[in-house]
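Trainee: Can you read through this structure? Questions will come right after.
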Amino acid sequence: MNKHIKRLIKLSLLLLLFATVLQAKTVKRGETRITVEVNKPGHKISPMLFGIFFEDINLSTDGGMYPELVRNRSFEDADTLQYWKFISADGQSKASIASADAQVRPPILPLNPYNRKSLCIKANGAFNLVNDGYWGMNIIQGDCYTFQLAARTTDDFRAPLTIRIVSSTGKELASGEIKAFGTQWQYHSLDLSASGSDPKAHLEISGTGKGTLYLDMVSLMPDKTWKNHGLRIDLADALDSLHPRFMRFPGGSFVEGVNIADMYNWKNTIGNIDMRTPLRNLWGYNSTNGIGFQEYLQLAEDLGAEPLFCINAGMSYGEVVPMDRMGQWEQDALDAIQYANGPVTSVWGSLRAKNGHPEPFHLKYIEIGNENGGTTYDKRWELIANAIHAKYPNIKLIADEWEGGHPHDPMPAIIDEHYYNNPDWFIWNAHKYDSYDRKGPKVFIGEYAVTSGTGKGDLRGAIGEAAWMTGMERNSDIVEMGSYAPLFCNANHRAWPINLINFDSYRWYGIPSYYVQEMFSNNQGTVELPVSIEHAPVFEIPVSSGCIGLGTRNSSAEFKDLQVVSSKGKILFNPKFSQIDDQWRKSPRSEWTAQNGVLKNSSNTFWGSAIFMGDTAWTNYTITLKARKISGEHGFQIYFRNKSRNNHSGWDIGESGDTTCSMTYGLLSDTKKINIESGRWYDIKVVIRGNSIKGYLDGKLIQELSDADVNVKDMNASASYDDKSGDIILKIVNSSAKPVKTEIDLTGAANLTGNGKAIVLTSASPLDENTLEDPTKVSPKTEMINFSGNTLTRLFPGNSLTVLRLTTKK
């Protein structure tokens, strides 16, 4: 070997050693690395991916987006003066709710056939009627407000009424007078200009005189509304900042109602405000329908979002419409589409034009039902879907994915899946859609949110959702749409634990999840880029403890011979089932009885019935019992390691019409095919050891869960290219507690400028929350960044979401 070859070999070895040292300095052993294959663009990202879901819950409409300041303006809420105070100066004047009655003399006449109640004042001297609105009326100095009421008298009541807006300290902010009441209903109005400001003001209607006066539809509305379309400006702006691609409305459970009589009917929500039938909704209050079908469509149009209308499928929580009575539901669906899209020469299109919108709204999406399932739903889906397809073939129909399946005849274009859980579940399931069947219907994640383990909405909950949303974006070839739920909450009326936007009479704040939604929606690319993560921290599932429980859903079942034995062989629990123990915790609306050694549930409700027993400190134990289904659509449930009624780790045996069993423990879940027979006693055993769960039926191992073979990373990412701006966009979620130094390799990237920006959402503690007093404590911060070549190294804080926008020479 000559000296030149030896020298060349030495030089090669030195270069190899130098490269190895350089690589070791760049990417240390075990250091996290994210690779984005910029040169291998994938599928187009659904332009409809991120939207909103508007449901009237938590007084989100009345007392929120709908800026009516008077509460119970039509006196329909109750048979008492609910939300009103009547004060008689000398006790001689009286006020009561009057219901329409043509049989009495003089007859009590309603304002119209749809507004049957009114306020009857029998005056005999001075009186004052007070309304505080929704925990105070927000009055702004210099702004104008329109006051209106309908009135009539049956005798010689001729005194005027004084209308005053009064501050919480008693200062008059505006006033006016109305008079000349007749025996027929007549509207009277005032233009009021505020001389001062107070978010806790109230309305006073006072008079002095004798006689009987009826009042109805007492209203006080701000003249300034969002885009002059009758919505509260700051709350509508909060939605607009999210740039939603679609808006699903009006529910949700709001669509179904407790009973069919309480279901949402869009035809009762259009036209004159006083002709709209108030709806006693599922969340325990009357909805005025001030925001009705047309207002929802108008809001979607103003937001630049596609409207997605959810209709009732002939199913409520407590009742189902017989198939031979489903004609109305079929026709209502067709009429809704004609109202939204039909020409002004059509019946419903002409009514839309009369109501102020001659141009069509271009409704493209209809969801049939909400969280409905089973054969009962499938039949009603088939009826309505075929009717819509026959007349409006271009409408995309969305079916509920519920009770383990969705209808297939006709096959829906999109299926709607809902997920509520704790932060860890969403992190754990960030790759859920990686293995979904690409040949089936597209997926609409119509409702998802962290609803436990997150306070009233903290950073940790937002990080869990962000990890999940990277999975939505990576799989946006199958996940076409997604919307967080619920959207709004009046801070004084919280019917749901966690809500995206919280407000009072004059302020609002978004929980950290709001900024996650904003960051994803406002930084959406057009083409997915493959992304992989190496050497990220591994997520670990803690071993939990908890008591046991038994339950049913849409079925009745019996249980006996229950015994709980510790892993060391100690009997922990062995009830005789002779009576219901006072310490056992039953779910609402359940009908549990214990007699002669048998525990039975007879309620057979959609909501499900459960009963929990034992010590929440139990960790490793074995449950044995016998169970049998008596009647209904499903089998029965065995719960384990439960801390509360909202944490249902357990084994659902006979789910989906007795055809499957599903086992869930914390973040782990599994579904198996099985057939359960009614009337047959089954021997059941559930063995719980650490994070391993085994379920046996009649001595045979049926199902097993274990975290032994699972390797879930504490970092998740998605990447895209935006063909509009030319930016490469990365979303990186670090759900571990500690910062993670990461090298990002942009493989095959060309024309990088070396410039970009980082938008970061994090905080000092994962438990940090926003409040009305500190609305942006947890909110994103933006910084400019520079790098060279196709790699950059960055430290991602613990519990953080980072959006990187890297510019190119387009």
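Labeling convention for the structure tokens: chains A, B, ... as they appear, residues from 1 per chain, ligands from 1 in order of appearance.
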Counting only C-alpha atoms, what is within 9 Å of Ala353 of chain A, bar same-chain residues fewer than 6 positions away, as an MDAnalysis selection string?

Mentor: chainID A and resid 343:344 359:360

Trainee: Run DSSP on the backbone and give me the residues of segment 339-513 of chain A it puts in alpha helix (DSSP H), as a ChimeraX atom specification.

Mentor: /A:339-341,347-354,374-391,423-428,459-474,512-513

Trainee: Grab the residues selected above and save them as a PDB file, in the first residue's frame with C-alpha atoms.

Mentor:
```pdb
ATOM      1  CA  TYR A 339     -85.699  27.257   4.331  1.00  0.00           C
ATOM      2  CA  ALA A 340     -81.898  27.501   4.281  1.00  0.00           C
ATOM      3  CA  ASN A 341     -81.298  26.990   0.570  1.00  0.00           C
ATOM      4  CA  VAL A 347     -92.665  28.089   0.441  1.00  0.00           C
ATOM      5  CA  TRP A 348     -89.901  28.117   3.050  1.00  0.00           C
ATOM      6  CA  GLY A 349     -87.459  30.127   0.960  1.00  0.00           C
ATOM      7  CA  SER A 350     -90.009  32.916   0.725  1.00  0.00           C
ATOM      8  CA  LEU A 351     -90.341  32.917   4.510  1.00  0.00           C
ATOM      9  CA  ARG A 352     -86.554  33.159   4.851  1.00  0.00           C
ATOM     10  CA  ALA A 353     -86.636  36.169   2.538  1.00  0.00           C
ATOM     11  CA  LYS A 354     -89.479  37.713   4.541  1.00  0.00           C
ATOM     12  CA  GLY A 374     -78.921   0.932  18.114  1.00  0.00           C
ATOM     13  CA  THR A 375     -81.584  -0.476  15.806  1.00  0.00           C
ATOM     14  CA  THR A 376     -84.065   2.175  16.995  1.00  0.00           C
ATOM     15  CA  TYR A 377     -81.848   4.909  15.587  1.00  0.00           C
ATOM     16  CA  ASP A 378     -80.889   2.943  12.471  1.00  0.00           C
ATOM     17  CA  LYS A 379     -84.539   2.723  11.323  1.00  0.00           C
ATOM     18  CA  ARG A 380     -85.121   6.453  11.779  1.00  0.00           C
ATOM     19  CA  TRP A 381     -81.820   7.303  10.127  1.00  0.00           C
ATOM     20  CA  GLU A 382     -82.804   5.214   7.095  1.00  0.00           C
ATOM     21  CA  LEU A 383     -86.164   6.989   6.761  1.00  0.00           C
ATOM     22  CA  ILE A 384     -84.855  10.553   7.043  1.00  0.00           C
ATOM     23  CA  ALA A 385     -81.586   9.973   5.168  1.00  0.00           C
ATOM     24  CA  ASN A 386     -83.311   8.402   2.153  1.00  0.00           C
ATOM     25  CA  ALA A 387     -85.837  11.246   2.022  1.00  0.00           C
ATOM     26  CA  ILE A 388     -83.049  13.849   2.036  1.00  0.00           C
ATOM     27  CA  HIS A 389     -80.946  11.936  -0.519  1.00  0.00           C
ATOM     28  CA  ALA A 390     -83.923  11.692  -2.867  1.00  0.00           C
ATOM     29  CA  LYS A 391     -84.616  15.417  -2.892  1.00  0.00           C
ATOM     30  CA  PRO A 423     -55.960  14.891  30.150  1.00  0.00           C
ATOM     31  CA  ASP A 424     -54.010  11.625  30.232  1.00  0.00           C
ATOM     32  CA  TRP A 425     -56.647   9.826  28.146  1.00  0.00           C
ATOM     33  CA  PHE A 426     -56.326  12.383  25.354  1.00  0.00           C
ATOM     34  CA  ILE A 427     -52.509  12.187  25.434  1.00  0.00           C
ATOM     35  CA  TRP A 428     -52.695   8.415  25.434  1.00  0.00           C
ATOM     36  CA  LEU A 459     -53.243  24.232  31.360  1.00  0.00           C
ATOM     37  CA  ARG A 460     -52.891  20.466  31.799  1.00  0.00           C
ATOM     38  CA  GLY A 461     -56.341  19.900  30.284  1.00  0.00           C
ATOM     39  CA  ALA A 462     -55.434  22.112  27.331  1.00  0.00           C
ATOM     40  CA  ILE A 463     -52.201  20.189  26.755  1.00  0.00           C
ATOM     41  CA  GLY A 464     -54.136  16.913  26.716  1.00  0.00           C
ATOM     42  CA  GLU A 465     -56.441  18.299  24.021  1.00  0.00           C
ATOM     43  CA  ALA A 466     -53.499  19.710  22.049  1.00  0.00           C
ATOM     44  CA  ALA A 467     -51.863  16.272  21.931  1.00  0.00           C
ATOM     45  CA  TRP A 468     -55.156  14.812  20.673  1.00  0.00           C
ATOM     46  CA  MET A 469     -55.494  17.545  18.041  1.00  0.00           C
ATOM     47  CA  THR A 470     -52.091  16.756  16.552  1.00  0.00           C
ATOM     48  CA  GLY A 471     -53.597  13.336  15.852  1.00  0.00           C
ATOM     49  CA  MET A 472     -56.606  14.973  14.219  1.00  0.00           C
ATOM     50  CA  GLU A 473     -54.349  16.998  11.939  1.00  0.00           C
ATOM     51  CA  ARG A 474     -51.995  14.122  11.080  1.00  0.00           C
ATOM     52  CA  PRO A 512     -56.313  27.645  28.173  1.00  0.00           C
ATOM     53  CA  SER A 513     -58.115  25.251  25.808  1.00  0.00           C
TER      54      SER A 513
END
```

Trainee: Can you build me a table of segment 726-808 of chain A residues sitting at most 12 Å from segment 476-500 of chain A, with the closest atom pair per residue and its distance in Å to one decimal, using only C-alpha atoms, sorted by chain and residue number, as a tab-separated table?

Mentor:
```
residue	atom	partner	partner_atom	distance
A:Glu769	CA	A:Ile498	CA	11.5
A:Asn770	CA	A:Leu500	CA	10.9
A:Thr771	CA	A:Ala491	CA	9.8
A:Leu772	CA	A:Ala491	CA	8.8
```

Trainee: Write the selection just made, keeping N, CA and C atoms, as an mmCIF file, in the first residue's frame?

Mentor:
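And here is the file that came out, result38.cif:
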```cif
data_model
loop_
_atom_site.group_PDB
_atom_site.id
_atom_site.type_symbol
_atom_site.label_atom_id
_atom_site.label_comp_id
_atom_site.auth_asym_id
_atom_site.auth_seq_id
_atom_site.Cartn_x
_atom_site.Cartn_y
_atom_site.Cartn_z
ATOM 1 N N GLU A 769 -55.011 28.364 35.795
ATOM 2 C CA GLU A 769 -56.259 28.624 35.091
ATOM 3 C C GLU A 769 -56.412 30.107 34.817
ATOM 4 N N ASN A 770 -57.250 30.438 33.852
ATOM 5 C CA ASN A 770 -57.665 31.815 33.621
ATOM 6 C C ASN A 770 -58.953 32.092 34.380
ATOM 7 N N THR A 771 -59.205 33.363 34.673
ATOM 8 C CA THR A 771 -60.407 33.772 35.405
ATOM 9 C C THR A 771 -60.930 35.072 34.816
ATOM 10 N N LEU A 772 -62.102 35.480 35.264
ATOM 11 C CA LEU A 772 -62.642 36.772 34.841
ATOM 12 C C LEU A 772 -61.725 37.911 35.265
#
```

Trainee: Select, from A:Lys694, A:His202, A:Arg164, A:Lys227, the residue with the minimum atom-to-atom distance to Lys85 of chain A, counting only C-alpha atoms.

Mentor: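 Ranking A:Lys694, A:His202, A:Arg164, A:Lys227 by distance to Lys85 of chain A, first place goes to A:His202.
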
Trainee: Can you pull out the residues contacting segment 219-225 of chain A? Cut-off 8 Å, using only C-alpha atoms, and skip same-chain residues under 6 positions away; I want them as JSON, numbers by chain.

Mentor: {"A": [67, 68, 69, 70, 73, 143, 144, 145, 146, 147, 148, 149, 231, 232, 233]}

Trainee: Output C-alpha atoms for every residue in the selection just made, as a short mmCIF file (atom, residue, chain, number, x, y, z; two decimals), in the first residue's frame.

Mentor:
```cif
data_model
loop_
_atom_site.label_atom_id
_atom_site.label_comp_id
_atom_site.auth_asym_id
_atom_site.auth_seq_id
_atom_site.Cartn_x
_atom_site.Cartn_y
_atom_site.Cartn_z
CA PRO A 67 -78.05 40.29 24.41
CA GLU A 68 -81.59 40.59 25.80
CA LEU A 69 -81.09 42.19 29.23
CA VAL A 70 -84.48 41.22 30.72
CA ARG A 73 -89.39 38.75 29.46
CA ASP A 143 -74.85 53.70 24.47
CA CYS A 144 -78.48 53.53 23.40
CA TYR A 145 -80.98 50.86 24.42
CA THR A 146 -84.42 50.02 23.09
CA PHE A 147 -87.11 49.31 25.66
CA GLN A 148 -90.32 47.62 24.55
CA LEU A 149 -93.35 45.98 26.09
CA LEU A 231 -75.60 39.29 19.08
CA ARG A 232 -73.43 40.34 22.02
CA ILE A 233 -70.35 41.94 20.51
#
```

Trainee: Rounded to one decimal, what separation in Å do you get between atom CA of Gln184 of chain A and atom CA of Asp216 of chain A?

Mentor: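 Taking atom CA of Gln184 of chain A and atom CA of Asp216 of chain A, their separation equals 12.4 Å.
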
Trainee: May I ask which of the residues A:Gln294, A:Ser656, A:Thr451, A:Gln92 is the closest one to Gly405 of chain A, counting only C-alpha atoms?

Mentor: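 Ranking A:Gln294, A:Ser656, A:Thr451, A:Gln92 by distance to Gly405 of chain A, first place goes to A:Ser656.
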